[in-house]
Structures are given as structure tokens and as C-alpha cells.
Amino acid sequence: MTDDPNEQMRTFVFAARASLVAAIGLACITWATSYLAAVSASVPKCAAEDWLVGYRNGIPEFLGLPFFGAVIVVVVCLMALGRSQRLQDLFEVYDIVVLPSMQITLGMLTAYSSLFGMLGSLALATSVSFTRYKAIATYCLATAAIN
């Protein structure tokens, strides 16, 4: 690692751009599985009523995770641009070495933990969305086989 805050900023922007690609992919998967789950839960052949029991809230319930994914993509995109004065100040002002053996500064630790924390929470939301779709689809297939 280098002690130059500008070099640290360039390295962070590179990592943020790579994370942006991953965030867009995860958000697209979240959108697709939430849409498929909403469609599956509203199929009359699957549910005796308009919606499956437990999914009566309908569309608002299925829009929460995709909206969360979109917000995360926007925030990671802003980080990937690297134009924010706050982000630049983070690397310049908090140039205090936290881990001396690896020359990791407080600014680097804060920026990277924020970036990867958001990416991890988006991955969790994607897994919840996928699991929910899988459960609904399995239930619908089972009820279609019985009927």
C-alpha cells in the first residue's frame, strides 16, 4: 500500500467500479426473482384465492427488495464515480494508520467496509428474494400436481 491519499482514492474507485458490476448483477437477479415470485403467487391455479395465503399484501411486499437493490446500486455508482468531495476528504483527513503491518488507514477502512457492507447486504437481499421465489414455485408445482 502507498501513503499517497490520491493513489488510495484511485484504488478505491477501481474496487468500487468492480463492485458496481456485481451490484448491478445482484440487483437484476433480485428484480427478476421478485417479479417471478409475484407472478407465481398470483396465479389462480396456484392459489385458491387471488394471492397465496401469507402473501396477501401483494405487490408492495414484492417491491421492497428490488427497491433496496436499486438504492444500493445508486450509492455504489456514486462511490465508483469518485467525484464526491466527502469521499476525497475521507482519504485525506483520516490518513491515520490503523493496521501498521499493512499500512491500512482509517479512511480506507471506512470506505471499503461501507462498500463491501452494502454489497453484502444486497447479496443477502438477493438470496432472500431467490429463496422466496423458490418456495412459492415449489408450492405452486405441488398444488398443480395434486389438482
# chains A, B, ... in the order shown; residues from 1 in each chain; ligands from 1
>>> select_by_dssp(residues="segment 10-136 of chain A", states="strand (DSSP E or B)", output="NGL selection string")
:A and (97-99 or 104-105)
>>> write_last_selection(atoms="N, CA, C and O atoms", output="compact mmCIF listing (two decimals), in the first residue's frame")
# COMPACT_ATOMS: atom_id res chain seq x y z
N VAL A 97 -2.95 5.65 10.23
CA VAL A 97 -2.72 4.22 10.04
C VAL A 97 -3.35 3.44 11.18
O VAL A 97 -3.06 3.68 12.35
N VAL A 98 -4.24 2.51 10.83
CA VAL A 98 -4.93 1.69 11.82
C VAL A 98 -4.23 0.35 11.97
O VAL A 98 -4.04 -0.14 13.08
N LEU A 99 -3.87 -0.26 10.87
CA LEU A 99 -3.14 -1.52 10.87
C LEU A 99 -1.75 -1.27 10.30
O LEU A 99 -1.56 -1.28 9.09
N ILE A 104 -2.90 0.17 6.43
CA ILE A 104 -4.30 0.48 6.18
C ILE A 104 -4.69 1.67 7.04
O ILE A 104 -4.55 1.64 8.26
N THR A 105 -5.21 2.70 6.37
CA THR A 105 -5.59 3.91 7.09
C THR A 105 -7.05 3.83 7.51
O THR A 105 -7.81 2.99 7.03
>>> select_by_dssp(residues="segment 2-147 of chain A", states="alpha helix (DSSP H)", output="ChimeraX atom specification")
/A:5-41,59-81,85-93,106-146
>>> write_last_selection(atoms="C-alpha atoms", output="short mmCIF file (atom, residue, chain, number, x, y, z; two decimals), in the first residue's frame")
data_model
loop_
_atom_site.label_atom_id
_atom_site.label_comp_id
_atom_site.auth_asym_id
_atom_site.auth_seq_id
_atom_site.Cartn_x
_atom_site.Cartn_y
_atom_site.Cartn_z
CA PRO A 5 -4.19 9.59 -0.49
CA ASN A 6 -4.71 10.15 -4.23
CA GLU A 7 -3.37 6.67 -5.01
CA GLN A 8 -5.58 5.21 -2.29
CA MET A 9 -8.55 7.03 -3.83
CA ARG A 10 -7.79 5.68 -7.32
CA THR A 11 -7.51 2.15 -5.95
CA PHE A 12 -10.81 2.54 -4.12
CA VAL A 13 -12.56 3.87 -7.23
CA PHE A 14 -11.30 0.83 -9.18
CA ALA A 15 -12.67 -1.51 -6.49
CA ALA A 16 -15.94 0.42 -6.41
CA ARG A 17 -16.33 0.07 -10.19
CA ALA A 18 -15.82 -3.68 -9.95
CA SER A 19 -18.33 -3.76 -7.09
CA LEU A 20 -20.77 -1.76 -9.22
CA VAL A 21 -20.81 -4.53 -11.81
CA ALA A 22 -21.54 -7.08 -9.09
CA ALA A 23 -24.22 -4.83 -7.55
CA ILE A 24 -25.98 -4.41 -10.90
CA GLY A 25 -25.97 -8.17 -11.41
CA LEU A 26 -27.35 -8.85 -7.94
CA ALA A 27 -30.00 -6.14 -8.31
CA CYS A 28 -31.13 -7.62 -11.65
CA ILE A 29 -31.44 -11.07 -10.08
CA THR A 30 -33.41 -9.56 -7.20
CA TRP A 31 -35.76 -7.77 -9.59
CA ALA A 32 -36.28 -10.90 -11.70
CA THR A 33 -36.93 -13.26 -8.80
CA SER A 34 -39.24 -10.78 -7.05
CA TYR A 35 -41.23 -10.37 -10.26
CA LEU A 36 -41.43 -14.13 -10.79
CA ALA A 37 -42.47 -14.65 -7.18
CA ALA A 38 -45.23 -12.04 -7.51
CA VAL A 39 -46.49 -13.61 -10.72
CA SER A 40 -46.34 -17.12 -9.26
CA ALA A 41 -48.15 -16.09 -6.09
CA ILE A 59 -47.23 -6.09 -4.89
CA PRO A 60 -45.88 -3.82 -2.08
CA GLU A 61 -44.30 -6.82 -0.40
CA PHE A 62 -42.53 -7.81 -3.60
CA LEU A 63 -41.26 -4.29 -4.39
CA GLY A 64 -39.29 -3.78 -1.17
CA LEU A 65 -36.25 -5.87 -2.05
CA PRO A 66 -35.96 -4.61 -5.66
CA PHE A 67 -36.19 -1.02 -4.45
CA PHE A 68 -33.49 -1.73 -1.87
CA GLY A 69 -31.32 -3.17 -4.67
CA ALA A 70 -31.82 -0.06 -6.79
CA VAL A 71 -30.81 2.21 -3.90
CA ILE A 72 -27.65 0.18 -3.30
CA VAL A 73 -26.73 0.35 -7.00
CA VAL A 74 -27.14 4.14 -6.99
CA VAL A 75 -24.97 4.56 -3.87
CA VAL A 76 -22.24 2.24 -5.21
CA CYS A 77 -22.39 4.12 -8.54
CA LEU A 78 -21.80 7.40 -6.72
CA MET A 79 -18.83 5.85 -4.93
CA ALA A 80 -17.49 4.47 -8.23
CA LEU A 81 -17.52 7.93 -9.80
CA GLN A 85 -15.59 15.77 -2.05
CA ARG A 86 -16.61 13.87 1.09
CA LEU A 87 -15.07 10.69 -0.28
CA GLN A 88 -11.86 12.51 -1.20
CA ASP A 89 -11.74 14.13 2.24
CA LEU A 90 -12.19 10.70 3.82
CA PHE A 91 -8.89 9.55 2.36
CA GLU A 92 -7.07 12.84 3.04
CA VAL A 93 -8.31 13.75 6.53
CA LEU A 106 -8.82 4.81 8.86
CA GLY A 107 -10.18 6.34 5.64
CA MET A 108 -9.50 3.15 3.69
CA LEU A 109 -11.06 1.00 6.40
CA THR A 110 -14.20 3.16 6.49
CA ALA A 111 -14.62 3.39 2.71
CA TYR A 112 -14.02 -0.28 1.97
CA SER A 113 -16.17 -1.51 4.85
CA SER A 114 -19.03 0.70 3.64
CA LEU A 115 -18.67 -0.51 0.07
CA PHE A 116 -18.42 -4.21 0.87
CA GLY A 117 -21.07 -3.95 3.60
CA MET A 118 -23.57 -2.60 1.08
CA LEU A 119 -22.60 -5.29 -1.41
CA GLY A 120 -23.03 -7.96 1.26
CA SER A 121 -26.46 -6.66 2.26
CA LEU A 122 -27.52 -6.68 -1.39
CA ALA A 123 -26.31 -10.28 -1.69
CA LEU A 124 -28.42 -11.15 1.36
CA ALA A 125 -31.48 -9.45 -0.16
CA THR A 126 -30.90 -11.37 -3.39
CA SER A 127 -30.74 -14.68 -1.54
CA VAL A 128 -33.97 -13.87 0.34
CA SER A 129 -35.70 -12.97 -2.93
CA PHE A 130 -34.46 -16.14 -4.63
CA THR A 131 -35.45 -18.33 -1.68
CA ARG A 132 -38.91 -16.78 -1.58
CA TYR A 133 -39.41 -17.39 -5.30
CA LYS A 134 -38.21 -20.99 -4.98
CA ALA A 135 -40.63 -21.65 -2.10
CA ILE A 136 -43.59 -20.17 -3.99
CA ALA A 137 -42.75 -22.01 -7.21
CA THR A 138 -42.33 -25.32 -5.37
CA TYR A 139 -45.67 -24.86 -3.61
CA CYS A 140 -47.41 -23.97 -6.87
CA LEU A 141 -45.95 -27.01 -8.64
CA ALA A 142 -47.07 -29.24 -5.79
CA THR A 143 -50.63 -27.88 -5.83
CA ALA A 144 -50.78 -28.12 -9.63
CA ALA A 145 -49.73 -31.77 -9.44
CA ILE A 146 -52.46 -32.52 -6.89
#
